[in-house]
Amino acid sequence: MALQSCASQLVAGHRFSASNLALIVLLIVFSEFHVVLPEGCNSPAPSSECGCNSLNRDGNDRGDDSFHKEAVKKYSKEKNANPDDSHERRREVSTEPAPGKLNQMVLIPGGAFLMGTDEPGIPQDGEGPARRVHIQSFYMDMYEVSNLEFEKFVNATGYLTEAEKFGDSFVFEGLLSDKVKNEIKQAVAAAPWWLPVKGASWRHPYGPDSSIADSLEHPVVHVSWNDALAYCIWASKRLPTEAEWEYACRGTLENRLYPWGNKLNPKGQHYANIWQGEFPNKNTGEDGYVRSCPVTSFPSNGYGLYNMVGNAWEWTADWWNVHHTTDETHNPKGPESGTDKVKKGGSYMCHKRTIETQSPWRHVRMSWCEKKKNRSAEEERRSRRLKDRTERSKERDETASACVST
C-alpha cells in the first residue's frame with residue numbers, strides 16, 4: 001500500500017480474536033493498552049506487514065461479556081483491598097524501590113471529527129465511508145501501561161495472564177536467543193518470523209531466558225484483551241472505544257498523515273518507535289530503538305499523549321465491525337458481540353507505510369468519561385486552551401489552502 005493511500009487509514013482498526021489475543025497479544029511488540037475512565041492467511045505476509053493477523057489460538061473465542069462479569073467480581077480494587085501476602089502467585093520482579101513514572105490521565109475535551117475515509121486502501125478492513133463523529137469529553141492515560149504498573153496489578157491480585165495459563169506465546173524470531181530458537185520446531189506459515197515460544201509471557205517477553213528487570217518503563221506486552229480488561233477493572237478505569245482512541249490519537253489535528261503532521265520525520269526528528277530497514281530481516285534502529293522503548297519516549301501529541309503511534313499495539317473496547325454508514329453519530333461503540341476486538345496504533349515492528357492516522361495497533365491505555373459538573377477550574381481552562389489551539393490550527397490550514405488555490 002502506498003504512503004498516500006495509507007494516510008487515509010491511520011485510524012482504521014485491525015482485528016484480533018478475543019481469545020486468540022492471548023497469543024496475538026503476546027507479540028512482544030503488540031499488546032499494550034491505554035486506559036480510559038468509565039461512565040486465515042495461507043501465504044506469507046508481504047514484507048511490509050508484520051504478520052500479526054496470522055496468529056491465532058483456536059477454540060477460545062468469547063463473543064459476549066462473560067469474562068467482563070467474572071473480572072468485575074475477581075479483580076476490582078474492592079475485592080483486592082487487602083491481598084494475602086502469602087499468595088503463592090504474589091511475586092516481585094523488581095527490587096526496591098522500583099524506578100519509573102506511574103501513569104497520569106489527560107483530559108481529552110469533547111468535539112467532532114471525520115472518522116474513516118471514502119478512499120480506503122484496504123476496503124475489507126472497514127475503513128469507509130467517512131462519517132462525522134461527536135465525542136464527549138473523557139480522560140485518557142498519558143502513557144501506555146508499563147511493566148511496572150502491570151506488576152503492581154499482578155502483585156495485588158495474583159492475576160495470571162492468558163499467556164501464562166496457555167504456557168506459550170508468539171515472539172518475533174529476531175528477538176530470541178539462539179538457545180531458545182534451537183528448541184523451536186514450528187512457525188506460523190503465513191508469517192514464519194513469528195515463533196511459538198514456551199514460557200514467553202509479560203514477565204519473559206523474549207522467551208524464558210529473558211526478563212523485564214531492565215525494562216520496567218517499557219509497555220507491558222503479551223497481554224490479551226481479557227488481560228487488559230482485568231487490569232482496567234482493577235484500576236477503576238476502562239478501555240477507550242475505537243472512536244475515542246482515534247479522536248485522541250489525532251491530538252487536535254485533522255487531515256494529517258500522522259498525529260504530529262504530514263512528515264514522518266519533520267526536521268530530521270523521530271516522533272515514533274517504528275521499524276526502519278527491511279522487514280523482517282533488519283531493523284536499523286534509526287529512531288534509537290530496535291525493540292520497545294520506554295513509555296515516556298518521543299514527543300507527545302497535541303493532547304499530551306505519548307506513543308499513540310508505534311511501540312506497541314493498543315487494545316480498544318470495541319468488537320470488530322466493517323459495516324458503517326455515513327450517518328452522523330455521537331459516542332459510537334462497536335457491536336454488542338463478535339469474535340474479534342479492534343487494536344490501534346501499531347508497534348515498533350510497523351513500517352512507515354502502515355502507521356498513518358487511519359491505521360490499527362495494540363497495547364493498553366485506559367480512559368474514563370468525565371463528569372462535566374465535577375470539572376475543576378483548571379480542567380475548564382485546559383479544555384478552553386485546547387479548543388482555542390484547535391481553532392487557530394484550522395484557521396492556519398484554511399489560510400494555507402487559500403494561498404495554494406490562488
# chains A, B, ... in the order shown; residues from 1 in each chain; ligands from 1
call {"tool": "closest_atom_pairs", "arguments": {"of": "region 278-316 of chain A", "to": "region 221-245 of chain A", "cutoff": "10 Å", "atoms": "only C-alpha atoms", "output": "JSON lines"}}
result
{"residue": "A:Ser292", "atom": "CA", "partner": "A:Val221", "partner_atom": "CA", "distance": 9.6}
{"residue": "A:Met308", "atom": "CA", "partner": "A:Trp245", "partner_atom": "CA", "distance": 8.8}
{"residue": "A:Ala312", "atom": "CA", "partner": "A:Val221", "partner_atom": "CA", "distance": 7.7}
{"residue": "A:Trp313", "atom": "CA", "partner": "A:Val221", "partner_atom": "CA", "distance": 9.0}
{"residue": "A:Glu314", "atom": "CA", "partner": "A:Trp245", "partner_atom": "CA", "distance": 9.2}
{"residue": "A:Trp315", "atom": "CA", "partner": "A:Trp225", "partner_atom": "CA", "distance": 6.6}
{"residue": "A:Thr316", "atom": "CA", "partner": "A:Pro240", "partner_atom": "CA", "distance": 5.3}
call {"tool": "write_last_selection", "arguments": {"atoms": "N, CA and C atoms", "output": "short mmCIF file (atom, residue, chain, number, x, y, z; two decimals), in the first residue's frame"}}
result
data_model
loop_
_atom_site.label_atom_id
_atom_site.label_comp_id
_atom_site.auth_asym_id
_atom_site.auth_seq_id
_atom_site.Cartn_x
_atom_site.Cartn_y
_atom_site.Cartn_z
N SER A 292 10.98 -2.48 21.86
CA SER A 292 10.14 -1.47 22.51
C SER A 292 11.00 -0.41 23.19
N MET A 308 1.18 7.21 20.79
CA MET A 308 -0.09 6.77 20.21
C MET A 308 0.17 6.04 18.89
N ALA A 312 3.89 -0.19 20.70
CA ALA A 312 3.09 -1.39 20.96
C ALA A 312 1.65 -1.16 20.54
N TRP A 313 1.03 -2.18 19.95
CA TRP A 313 -0.38 -2.09 19.57
C TRP A 313 -1.22 -1.83 20.81
N GLU A 314 -2.33 -1.15 20.66
CA GLU A 314 -3.17 -0.80 21.79
C GLU A 314 -4.59 -1.34 21.61
N TRP A 315 -5.09 -1.99 22.66
CA TRP A 315 -6.44 -2.53 22.62
C TRP A 315 -7.48 -1.43 22.77
N THR A 316 -8.62 -1.64 22.13
CA THR A 316 -9.79 -0.78 22.35
C THR A 316 -10.92 -1.65 22.88
#
call {"tool": "select_by_dssp", "arguments": {"residues": "region 88-161 of chain A", "states": "alpha helix (DSSP H)", "output": "VMD selection string"}}
result
chain A and resid 147 to 157
call {"tool": "write_last_selection", "arguments": {"atoms": "N, CA and C atoms", "output": "PDB file, in the first residue's frame"}}
result
ATOM      1  N   ASN A 147       5.361  -2.093  32.315  1.00  0.00           N
ATOM      2  CA  ASN A 147       5.593  -3.327  33.070  1.00  0.00           C
ATOM      3  C   ASN A 147       5.492  -3.064  34.565  1.00  0.00           C
ATOM      4  N   LEU A 148       5.991  -1.920  34.999  1.00  0.00           N
ATOM      5  CA  LEU A 148       5.940  -1.558  36.412  1.00  0.00           C
ATOM      6  C   LEU A 148       4.506  -1.484  36.912  1.00  0.00           C
ATOM      7  N   GLU A 149       3.639  -0.848  36.150  1.00  0.00           N
ATOM      8  CA  GLU A 149       2.244  -0.706  36.562  1.00  0.00           C
ATOM      9  C   GLU A 149       1.517  -2.047  36.533  1.00  0.00           C
ATOM     10  N   PHE A 150       1.767  -2.833  35.496  1.00  0.00           N
ATOM     11  CA  PHE A 150       1.102  -4.131  35.406  1.00  0.00           C
ATOM     12  C   PHE A 150       1.576  -5.041  36.530  1.00  0.00           C
ATOM     13  N   GLU A 151       2.837  -4.916  36.905  1.00  0.00           N
ATOM     14  CA  GLU A 151       3.372  -5.706  38.009  1.00  0.00           C
ATOM     15  C   GLU A 151       2.645  -5.398  39.312  1.00  0.00           C
ATOM     16  N   LYS A 152       2.328  -4.128  39.520  1.00  0.00           N
ATOM     17  CA  LYS A 152       1.597  -3.745  40.731  1.00  0.00           C
ATOM     18  C   LYS A 152       0.225  -4.417  40.765  1.00  0.00           C
ATOM     19  N   PHE A 153      -0.422  -4.474  39.613  1.00  0.00           N
ATOM     20  CA  PHE A 153      -1.723  -5.135  39.498  1.00  0.00           C
ATOM     21  C   PHE A 153      -1.599  -6.623  39.823  1.00  0.00           C
ATOM     22  N   VAL A 154      -0.608  -7.279  39.244  1.00  0.00           N
ATOM     23  CA  VAL A 154      -0.418  -8.713  39.476  1.00  0.00           C
ATOM     24  C   VAL A 154      -0.087  -8.987  40.940  1.00  0.00           C
ATOM     25  N   ASN A 155       0.768  -8.162  41.526  1.00  0.00           N
ATOM     26  CA  ASN A 155       1.133  -8.363  42.921  1.00  0.00           C
ATOM     27  C   ASN A 155      -0.059  -8.169  43.856  1.00  0.00           C
ATOM     28  N   ALA A 156      -0.984  -7.300  43.465  1.00  0.00           N
ATOM     29  CA  ALA A 156      -2.148  -7.020  44.310  1.00  0.00           C
ATOM     30  C   ALA A 156      -3.238  -8.069  44.177  1.00  0.00           C
ATOM     31  N   THR A 157      -3.292  -8.750  43.041  1.00  0.00           N
ATOM     32  CA  THR A 157      -4.412  -9.664  42.769  1.00  0.00           C
ATOM     33  C   THR A 157      -4.017 -11.115  42.557  1.00  0.00           C
TER      34      THR A 157
END
call {"tool": "select_by_dssp", "arguments": {"residues": "region 136-382 of chain A", "states": "strand (DSSP E)", "output": "VMD selection string"}}
result
chain A and resid 138 to 141 168 to 172 194 to 198 314 to 319 329 to 330 340 to 344 363 to 369
call {"tool": "write_last_selection", "arguments": {"atoms": "C-alpha atoms", "output": "compact mmCIF listing (two decimals), in the first residue's frame"}}
result
# COMPACT_ATOMS: atom_id res chain seq x y z
CA PHE A 138 -13.10 11.92 28.65
CA TYR A 139 -9.77 11.28 30.32
CA MET A 140 -7.07 9.06 28.86
CA ASP A 141 -3.79 7.66 30.12
CA ASP A 168 3.44 -20.15 25.49
CA SER A 169 3.21 -17.07 23.29
CA PHE A 170 4.44 -15.83 19.92
CA VAL A 171 7.74 -13.96 19.77
CA PHE A 172 9.48 -12.33 16.83
CA TRP A 194 6.70 -15.41 14.43
CA LEU A 195 7.62 -18.41 16.59
CA PRO A 196 5.60 -20.07 19.37
CA VAL A 197 7.80 -19.89 22.46
CA LYS A 198 7.15 -21.89 25.61
CA GLU A 314 -3.17 -0.80 21.79
CA TRP A 315 -6.44 -2.53 22.62
CA THR A 316 -9.79 -0.78 22.35
CA ALA A 317 -13.14 -1.76 23.84
CA ASP A 318 -14.90 -2.35 20.52
CA TRP A 319 -15.78 -5.52 18.69
CA THR A 329 -23.07 9.64 15.31
CA HIS A 330 -22.43 10.56 18.94
CA ASP A 340 -12.63 -10.01 17.08
CA LYS A 341 -11.51 -6.95 19.02
CA VAL A 342 -10.07 -3.79 17.48
CA LYS A 343 -6.47 -2.77 18.15
CA LYS A 344 -4.91 0.54 17.19
CA HIS A 363 -1.25 -2.49 23.86
CA VAL A 364 -3.15 -0.94 26.75
CA ARG A 365 -4.10 2.62 27.56
CA MET A 366 -7.09 3.45 29.76
CA SER A 367 -9.68 6.19 29.85
CA TRP A 368 -12.90 7.27 31.51
CA CYS A 369 -15.78 9.60 30.73
call {"tool": "residues_around", "arguments": {"residues": "Asp118 (chain A)", "least_positions_apart": "5", "cutoff": "10 Å", "atoms": "only C-alpha atoms", "output": "list of chain:residue names"}}
result
A:Ser8, A:Pro123, A:Glu127, A:Gly128, A:Pro129, A:Ala130, A:Arg131, A:Thr326
call {"tool": "write_last_selection", "arguments": {"atoms": "C-alpha atoms", "output": "PDB file, in the first residue's frame"}}
result
ATOM      1  CA  SER A   8      -6.484   7.810   4.982  1.00  0.00           C
ATOM      2  CA  PRO A 123     -11.739  -1.852   1.751  1.00  0.00           C
ATOM      3  CA  GLU A 127     -12.201   1.939   6.911  1.00  0.00           C
ATOM      4  CA  GLY A 128     -15.016   3.615   4.980  1.00  0.00           C
ATOM      5  CA  PRO A 129     -17.082   5.544   4.499  1.00  0.00           C
ATOM      6  CA  ALA A 130     -16.008   8.834   6.074  1.00  0.00           C
ATOM      7  CA  ARG A 131     -18.526   9.861   8.741  1.00  0.00           C
ATOM      8  CA  THR A 326     -22.376   7.988   6.566  1.00  0.00           C
TER       9      THR A 326
END
call {"tool": "residues_around", "arguments": {"residues": "Tyr289 (chain A)", "least_positions_apart": "2", "cutoff": "9 Å", "atoms": "only C-alpha atoms", "output": "compact mmCIF listing (two decimals) with N, CA and C atoms, in the first residue's frame"}}
result
# COMPACT_ATOMS: atom_id res chain seq x y z
N ASN A 273 8.41 5.12 17.58
CA ASN A 273 9.26 3.93 17.55
C ASN A 273 8.68 2.95 16.55
N ILE A 274 9.21 2.94 15.34
CA ILE A 274 8.73 2.04 14.29
C ILE A 274 9.91 1.32 13.64
N TRP A 275 9.61 0.46 12.69
CA TRP A 275 10.64 -0.32 12.01
C TRP A 275 11.30 0.51 10.91
N ASN A 283 16.26 -4.33 11.34
CA ASN A 283 15.76 -3.05 11.84
C ASN A 283 16.99 -2.20 12.15
N THR A 284 17.19 -1.14 11.41
CA THR A 284 18.38 -0.31 11.58
C THR A 284 18.34 0.54 12.85
N GLY A 285 17.16 0.66 13.46
CA GLY A 285 17.06 1.38 14.72
C GLY A 285 17.42 2.85 14.63
N GLU A 286 17.09 3.47 13.52
CA GLU A 286 17.43 4.89 13.33
C GLU A 286 16.73 5.80 14.33
N ASP A 287 15.62 5.32 14.90
CA ASP A 287 14.91 6.13 15.89
C ASP A 287 15.47 5.92 17.30
N ARG A 291 13.69 -2.50 19.51
CA ARG A 291 12.55 -3.20 20.12
C ARG A 291 11.72 -2.13 20.83
N SER A 292 10.98 -2.48 21.86
CA SER A 292 10.14 -1.47 22.51
C SER A 292 11.00 -0.41 23.19
N CYS A 293 10.38 0.71 23.50
CA CYS A 293 11.08 1.81 24.18
C CYS A 293 10.27 2.22 25.41
N TYR A 348 6.53 -1.19 17.18
CA TYR A 348 7.87 -0.92 16.68
C TYR A 348 8.23 -1.82 15.51
call {"tool": "closest_residue", "arguments": {"among": "A:Pro280, A:Gly251, A:Gly261, A:Gly304", "to": "Gly174 (chain A)", "atoms": "only C-alpha atoms"}}
result
A:Pro280
call {"tool": "atom_distance", "arguments": {"atom1": "CA of Pro192 (chain A)", "atom2": "CA of Leu176 (chain A)"}}
result
13.7 Å
